[in-house]
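Structure file my_file.cif (mmCIF, C-alpha atoms) is printed below.
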data_data
loop_
_atom_site.label_atom_id
_atom_site.label_comp_id
_atom_site.auth_asym_id
_atom_site.auth_seq_id
_atom_site.Cartn_x
_atom_site.Cartn_y
_atom_site.Cartn_z
CA MET A 1 42.08 -51.28 -94.58
CA ALA A 2 43.22 -54.59 -93.07
CA LYS A 3 43.43 -55.13 -89.32
CA ASN A 4 46.84 -54.56 -87.77
CA LEU A 5 47.20 -57.86 -85.95
CA ARG A 6 50.96 -57.48 -85.61
CA LEU A 7 50.52 -54.47 -83.37
CA LYS A 8 48.00 -56.36 -81.28
CA VAL A 9 50.38 -59.33 -80.96
CA ALA A 10 53.32 -57.07 -80.03
CA ARG A 11 51.17 -55.43 -77.38
CA ALA A 12 50.04 -58.78 -76.02
CA LYS A 13 53.64 -60.03 -75.89
CA LYS A 14 54.58 -57.07 -73.74
CA ASP A 15 51.43 -57.63 -71.68
CA MET A 16 50.33 -54.07 -72.34
CA SER A 17 46.78 -52.77 -72.51
CA GLN A 18 45.62 -50.34 -75.18
CA GLN A 19 45.45 -47.65 -72.51
CA GLN A 20 49.04 -48.26 -71.41
CA LEU A 21 50.30 -48.09 -74.97
CA ALA A 22 48.22 -44.97 -75.59
CA ASP A 23 49.71 -43.28 -72.52
CA ALA A 24 53.22 -44.29 -73.60
CA VAL A 25 52.88 -42.72 -77.05
CA ASN A 26 50.68 -39.84 -75.86
CA VAL A 27 47.48 -40.54 -77.77
CA THR A 28 44.01 -41.65 -76.68
CA ARG A 29 43.09 -45.30 -76.22
CA GLN A 30 40.55 -45.00 -79.02
CA THR A 31 43.33 -44.01 -81.44
CA ILE A 32 45.23 -47.23 -80.68
CA SER A 33 42.00 -49.17 -81.02
CA ALA A 34 41.33 -47.55 -84.44
CA ILE A 35 44.86 -48.45 -85.62
CA GLU A 36 44.46 -52.08 -84.52
CA ARG A 37 41.04 -52.35 -86.17
CA GLY A 38 42.52 -50.89 -89.36
CA ASP A 39 40.18 -47.90 -89.29
CA TYR A 40 43.01 -45.39 -89.11
CA ASN A 41 46.34 -45.17 -90.91
CA PRO A 42 48.73 -43.46 -88.43
CA THR A 43 51.33 -40.86 -89.40
CA ILE A 44 54.95 -41.90 -89.68
CA ASN A 45 55.73 -40.08 -86.41
CA LEU A 46 53.22 -42.10 -84.46
CA CYS A 47 54.39 -45.33 -86.16
CA ILE A 48 57.95 -44.55 -85.04
CA GLU A 49 56.79 -43.81 -81.48
CA ILE A 50 54.97 -47.14 -81.33
CA CYS A 51 57.95 -49.01 -82.78
CA LYS A 52 60.28 -47.44 -80.22
CA GLU A 53 57.95 -48.55 -77.47
CA PHE A 54 58.16 -52.17 -78.61
CA ASP A 55 61.81 -52.11 -79.76
CA LEU A 56 60.71 -53.17 -83.23
CA THR A 57 61.17 -51.75 -86.71
CA LEU A 58 58.54 -50.15 -88.95
CA ASN A 59 58.74 -53.24 -91.17
CA ASP A 60 57.94 -55.50 -88.25
CA LEU A 61 54.79 -53.64 -87.30
CA PHE A 62 53.45 -51.73 -90.26
CA TRP A 63 54.75 -53.13 -93.54
CA GLU A 64 52.05 -54.97 -95.45
CA GLU A 65 53.29 -57.88 -97.54
CA MET B 1 43.99 -28.13 -81.21
CA LYS B 2 47.44 -28.90 -79.76
CA GLN B 3 46.04 -31.05 -76.98
CA TYR B 4 44.23 -33.39 -79.36
CA ASP B 5 46.05 -36.37 -80.84
CA GLU B 6 46.39 -36.87 -84.61
CA TYR B 7 43.34 -39.13 -84.96
CA GLN B 8 41.19 -36.66 -83.02
CA LYS B 9 42.44 -33.79 -85.17
CA LEU B 10 41.59 -35.76 -88.32
CA MET B 11 38.06 -36.37 -87.03
CA ARG B 12 37.59 -32.74 -86.01
CA TYR B 13 38.74 -31.47 -89.41
CA LYS B 14 36.60 -34.05 -91.22
CA TYR B 15 33.39 -33.28 -89.36
CA GLY B 16 34.18 -29.56 -89.26
CA TYR B 17 34.29 -29.67 -93.06
CA TYR B 18 30.98 -31.58 -93.22
CA SER B 19 29.41 -29.08 -90.83
CA PHE B 20 30.52 -26.20 -93.01
CA ILE B 21 28.97 -27.85 -96.08
CA TYR B 22 25.71 -28.43 -94.15
CA LEU B 23 25.72 -24.80 -92.98
CA ILE B 24 26.02 -23.55 -96.55
CA GLY B 25 23.31 -26.01 -97.68
CA LEU B 26 20.90 -24.97 -94.95
CA ILE B 27 21.47 -21.25 -95.57
CA ILE B 28 20.77 -21.72 -99.29
CA LEU B 29 17.69 -23.86 -98.54
CA ASN B 30 16.42 -21.22 -96.13
CA TYR B 31 16.99 -18.51 -98.74
CA PHE B 32 14.89 -20.41 -101.31
CA LEU B 33 12.20 -21.13 -98.71
CA GLY B 34 11.92 -17.42 -98.13
CA LEU B 35 11.97 -16.65 -101.84
CA PHE B 36 9.41 -18.95 -103.49
CA PRO B 37 6.78 -19.98 -100.94
CA ASN B 38 7.65 -16.81 -98.98
CA LEU B 39 7.95 -18.92 -95.87
CA GLN B 40 9.39 -17.35 -92.78
CA TRP B 41 9.55 -19.81 -89.89
CA GLY B 42 11.45 -17.56 -87.47
CA GLU B 43 10.34 -14.30 -85.93
CA THR B 44 13.16 -12.52 -87.76
CA LYS B 45 15.66 -13.54 -90.45
CA GLU B 46 18.50 -13.09 -87.94
CA LEU B 47 16.84 -15.58 -85.60
CA GLU B 48 16.48 -18.07 -88.46
CA MET B 49 20.23 -17.78 -89.13
CA LEU B 50 21.00 -18.24 -85.46
CA ILE B 51 18.85 -21.39 -85.27
CA ILE B 52 20.47 -22.81 -88.42
CA THR B 53 23.87 -22.17 -86.81
CA PHE B 54 22.72 -23.94 -83.65
CA ILE B 55 21.61 -26.98 -85.68
CA VAL B 56 25.05 -27.17 -87.31
CA VAL B 57 26.82 -26.71 -83.96
CA LEU B 58 24.66 -29.51 -82.54
CA PHE B 59 25.70 -31.76 -85.42
CA TYR B 60 29.39 -30.91 -85.06
CA ALA B 61 29.49 -31.31 -81.29
CA ASN B 62 27.71 -34.65 -81.37
CA THR B 63 29.69 -36.17 -84.24
CA SER B 64 32.89 -35.03 -82.50
CA VAL B 65 31.79 -36.64 -79.25
CA TYR B 66 30.75 -39.83 -81.05
CA HIS B 67 34.14 -40.10 -82.80
CA ASN B 68 36.05 -39.37 -79.61
CA ALA B 69 37.28 -36.01 -80.83
CA TYR B 70 35.47 -33.67 -78.45
CA PHE B 71 37.21 -34.27 -75.14
CA ARG B 72 40.97 -33.99 -74.88
CA LYS B 73 43.09 -36.84 -73.56
CA ASN B 74 43.44 -35.37 -70.08
CA ASP B 75 39.92 -33.97 -69.77
CA ASN B 76 37.69 -35.22 -67.01
CA LYS B 77 35.06 -36.74 -69.32
CA LYS B 78 32.74 -37.90 -66.58
CA GLY B 79 32.84 -34.63 -64.66
CA ILE B 80 32.22 -32.48 -67.74
CA SER B 81 29.42 -34.78 -68.93
CA TRP B 82 27.64 -34.56 -65.58
CA LEU B 83 28.06 -30.78 -65.52
CA PHE B 84 26.61 -30.52 -69.05
CA LEU B 85 23.73 -32.83 -68.14
CA ILE B 86 22.77 -30.78 -65.09
CA THR B 87 23.13 -27.50 -67.00
CA GLY B 88 21.03 -28.89 -69.87
CA LEU B 89 18.26 -30.16 -67.60
CA PHE B 90 18.17 -26.90 -65.65
CA SER B 91 18.09 -24.90 -68.86
CA LEU B 92 15.31 -27.06 -70.30
CA TYR B 93 13.31 -26.64 -67.09
CA THR B 94 13.63 -22.85 -67.20
CA THR B 95 12.58 -22.89 -70.88
CA TYR B 96 9.52 -24.93 -69.94
CA GLN B 97 8.67 -22.43 -67.19
CA THR B 98 9.04 -19.58 -69.69
CA PHE B 99 6.74 -21.43 -72.08
CA LEU B 100 4.08 -21.79 -69.35
CA ILE B 101 4.19 -18.13 -68.38
CA MET B 102 4.91 -16.51 -71.76
CA PRO B 103 4.36 -18.96 -74.65
CA GLU B 104 4.75 -16.08 -77.13
CA GLU B 105 8.46 -15.99 -76.20
CA ILE B 106 8.92 -19.33 -77.96
CA ILE B 107 6.16 -19.45 -80.58
CA ILE B 108 4.56 -16.30 -81.90
CA ASP B 109 1.99 -16.50 -84.76
CA GLY B 110 3.28 -19.93 -85.73
CA LYS B 111 6.85 -18.64 -85.93
CA LEU B 112 9.76 -19.44 -83.63
CA GLY B 113 10.59 -16.65 -81.19
CA GLY B 114 13.76 -15.74 -79.32
CA GLY B 115 13.00 -18.35 -76.64
CA ALA B 116 13.81 -21.09 -79.17
CA ILE B 117 17.49 -20.24 -78.71
CA GLN B 118 17.17 -21.40 -75.11
CA ILE B 119 15.71 -24.73 -76.28
CA PHE B 120 18.58 -25.28 -78.70
CA SER B 121 21.24 -24.41 -76.11
CA SER B 122 19.59 -26.84 -73.66
CA LEU B 123 19.58 -29.51 -76.37
CA LEU B 124 23.26 -28.86 -77.00
CA PHE B 125 24.13 -29.30 -73.33
CA LEU B 126 21.92 -32.38 -73.01
CA SER B 127 23.03 -34.10 -76.20
CA ILE B 128 26.76 -34.11 -75.35
CA PRO B 129 26.50 -36.34 -72.23
CA ILE B 130 23.93 -38.58 -73.94
CA THR B 131 26.22 -39.11 -76.95
CA THR B 132 29.18 -39.67 -74.60
CA PHE B 133 27.18 -42.35 -72.77
CA ILE B 134 26.19 -44.09 -76.04
CA ARG B 135 29.81 -43.96 -77.28
CA ASN B 136 31.10 -45.47 -74.02
CA ARG B 137 28.62 -48.34 -74.33
CA ILE B 138 29.69 -48.99 -77.92
CA ASP B 139 33.40 -48.85 -76.93
CA LYS B 140 32.81 -51.36 -74.16
CA LYS B 141 31.07 -53.70 -76.60
CA ILE B 142 33.94 -53.40 -79.11
CA ASP B 143 36.51 -54.05 -76.36
CA LYS B 144 34.64 -57.15 -75.23
CA LYS B 145 34.58 -58.43 -78.81
CA GLU B 146 38.30 -57.79 -79.26
CA CYS B 147 39.34 -59.46 -75.99
#
File written out as structure tokens:
Amino acid sequence: MAKNLRLKVARAKKDMSQQQLADAVNVTRQTISAIERGDYNPTINLCIEICKEFDLTLNDLFWEE
Amino acid sequence: MKQYDEYQKLMRYKYGYYSFIYLIGLIILNYFLGLFPNLQWGETKELEMLIITFIVVLFYANTSVYHNAYFRKNDNKKGISWLFLITGLFSLYTTYQTFLIMPEEIIIDGKLGGGAIQIFSSLLFLSIPITTFIRNRIDKKIDKKEC
């Protein structure tokens, strides 16, 4: 699986750490790290939670072109 | 399971499944060991089963810890690890004392005795904080690379 750089960029834009994002969406920091590294494909529910946190759409963060 | 997040649940199910396969494999292997070379390595068959179970539990606990699926999000990782470490060391020490006074409790006629259970439980307690420590070091390295 490819790295999710868009999530990393969105997080950096908001000046958020992995831990802060993890706390906001109620998962562990390692889960966020695994998503960014592309080691884990999150469920749609978690994708939506993350998108809500950044005010972005699923296409913006998770759609692979 | 409710307090684990989805990635942790996935890891727990994955390694739980592997552990189950290993348990079946070890039980079958032990059965054939007892059948053809007539090898009995434990004092009783029940003890052999218990030790095999301990080996699988050790595997499951440590792979869960390594993949960050053992402790829940709000658990005090450090506190629990220290508690396990102290318990494991104390348990290992008492096992050693038992071995000095009554070695037949652990090994009897070249076969493992009931005292071996104590060794495995000490190993279980000791291995969890050690794996946690290794995992933390690896996480720190990954974070440094990513930053």
Separation of CA of Lys73 in chain B from CA of Tyr4 in chain B in Å: 6.8 Å
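The space separating CA of Asp75 in chain B from CA of Ile138 in chain B comes to 19.9 Å.
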At a cut-off of 10 Å, which residues of chain B touch chain A? Count all atoms listed in the file and give the answer as a list of chain:residue names. B:Gln3, B:Tyr4, B:Asp5, B:Glu6, B:Tyr7, B:Gln8, B:Leu10, B:His67, B:Asn68, B:Ala69, B:Arg72, B:Lys73, B:Asn74, B:Asp139, B:Ile142, B:Asp143, B:Glu146
Residue members of the PyMOL selection byres ((chain A and resi 54) around 10) in the file shown, as a list in words: Leu7, Ala10, Arg11, Lys13, Lys14, Leu21, Ile48, Glu49, Ile50, Cys51, Lys52, Glu53, Asp55, Leu56, Thr57 and Leu61 of chain A
Keeping C-alpha atoms, export the residues of the selection given above as an mmCIF file, in the frame of the given file.
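Result file selection.cif:
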data_model
loop_
_atom_site.group_PDB
_atom_site.id
_atom_site.type_symbol
_atom_site.label_atom_id
_atom_site.label_comp_id
_atom_site.auth_asym_id
_atom_site.auth_seq_id
_atom_site.Cartn_x
_atom_site.Cartn_y
_atom_site.Cartn_z
ATOM 1 C CA LEU A 7 50.520 -54.470 -83.370
ATOM 2 C CA ALA A 10 53.320 -57.070 -80.030
ATOM 3 C CA ARG A 11 51.170 -55.430 -77.380
ATOM 4 C CA LYS A 13 53.640 -60.030 -75.890
ATOM 5 C CA LYS A 14 54.580 -57.070 -73.740
ATOM 6 C CA LEU A 21 50.300 -48.090 -74.970
ATOM 7 C CA ILE A 48 57.950 -44.550 -85.040
ATOM 8 C CA GLU A 49 56.790 -43.810 -81.480
ATOM 9 C CA ILE A 50 54.970 -47.140 -81.330
ATOM 10 C CA CYS A 51 57.950 -49.010 -82.780
ATOM 11 C CA LYS A 52 60.280 -47.440 -80.220
ATOM 12 C CA GLU A 53 57.950 -48.550 -77.470
ATOM 13 C CA ASP A 55 61.810 -52.110 -79.760
ATOM 14 C CA LEU A 56 60.710 -53.170 -83.230
ATOM 15 C CA THR A 57 61.170 -51.750 -86.710
ATOM 16 C CA LEU A 61 54.790 -53.640 -87.300
#
Within 12 Å of (16.7, -17.4, -79.7), only C-alpha atoms: residues as an MDAnalysis selection string? chainID B and resid 42:54 95 105:107 111:122
Selection near Phe84 in chain B, 10 Å with only C-alpha atoms, sequence-local residues under 4 positions removed, as a PyMOL selection string: chain B and resi 78-80+88-90+122+124-130
Supply range 48-64 of chain B as a short mmCIF file (atom, residue, chain, number, x, y, z; two decimals), in the coordinates of the input, with N, CA and C atoms built in where the input has gaps.
data_model
loop_
_atom_site.label_atom_id
_atom_site.label_comp_id
_atom_site.auth_asym_id
_atom_site.auth_seq_id
_atom_site.Cartn_x
_atom_site.Cartn_y
_atom_site.Cartn_z
N GLU B 48 16.40 -16.87 -87.61
CA GLU B 48 16.48 -18.07 -88.46
C GLU B 48 17.94 -18.49 -88.65
N MET B 49 18.79 -17.50 -88.93
CA MET B 49 20.23 -17.78 -89.13
C MET B 49 20.85 -18.37 -87.87
N LEU B 50 20.45 -17.79 -86.74
CA LEU B 50 21.00 -18.24 -85.46
C LEU B 50 20.58 -19.69 -85.18
N ILE B 51 19.34 -20.02 -85.50
CA ILE B 51 18.85 -21.39 -85.27
C ILE B 51 19.56 -22.37 -86.22
N ILE B 52 19.74 -21.96 -87.46
CA ILE B 52 20.47 -22.81 -88.42
C ILE B 52 21.89 -23.07 -87.89
N THR B 53 22.52 -22.01 -87.37
CA THR B 53 23.87 -22.17 -86.81
C THR B 53 23.85 -23.15 -85.65
N PHE B 54 22.84 -23.04 -84.80
CA PHE B 54 22.72 -23.94 -83.65
C PHE B 54 22.58 -25.40 -84.11
N ILE B 55 21.80 -25.62 -85.17
CA ILE B 55 21.61 -26.98 -85.68
C ILE B 55 22.97 -27.55 -86.12
N VAL B 56 23.74 -26.72 -86.82
CA VAL B 56 25.05 -27.17 -87.31
C VAL B 56 26.01 -27.41 -86.14
N VAL B 57 25.96 -26.53 -85.15
CA VAL B 57 26.82 -26.71 -83.96
C VAL B 57 26.45 -28.00 -83.24
N LEU B 58 25.15 -28.26 -83.15
CA LEU B 58 24.66 -29.51 -82.54
C LEU B 58 25.24 -30.71 -83.28
N PHE B 59 25.18 -30.66 -84.60
CA PHE B 59 25.70 -31.76 -85.42
C PHE B 59 27.20 -31.94 -85.18
N TYR B 60 27.93 -30.83 -85.21
CA TYR B 60 29.39 -30.91 -85.06
C TYR B 60 29.79 -31.42 -83.68
N ALA B 61 29.14 -30.89 -82.65
CA ALA B 61 29.49 -31.31 -81.29
C ALA B 61 29.22 -32.80 -81.11
N ASN B 62 28.07 -33.25 -81.59
CA ASN B 62 27.71 -34.65 -81.37
C ASN B 62 28.53 -35.63 -82.21
N THR B 63 28.84 -35.27 -83.44
CA THR B 63 29.69 -36.17 -84.24
C THR B 63 31.10 -36.20 -83.65
N SER B 64 31.56 -35.05 -83.14
CA SER B 64 32.89 -35.03 -82.50
C SER B 64 32.90 -35.93 -81.26
#
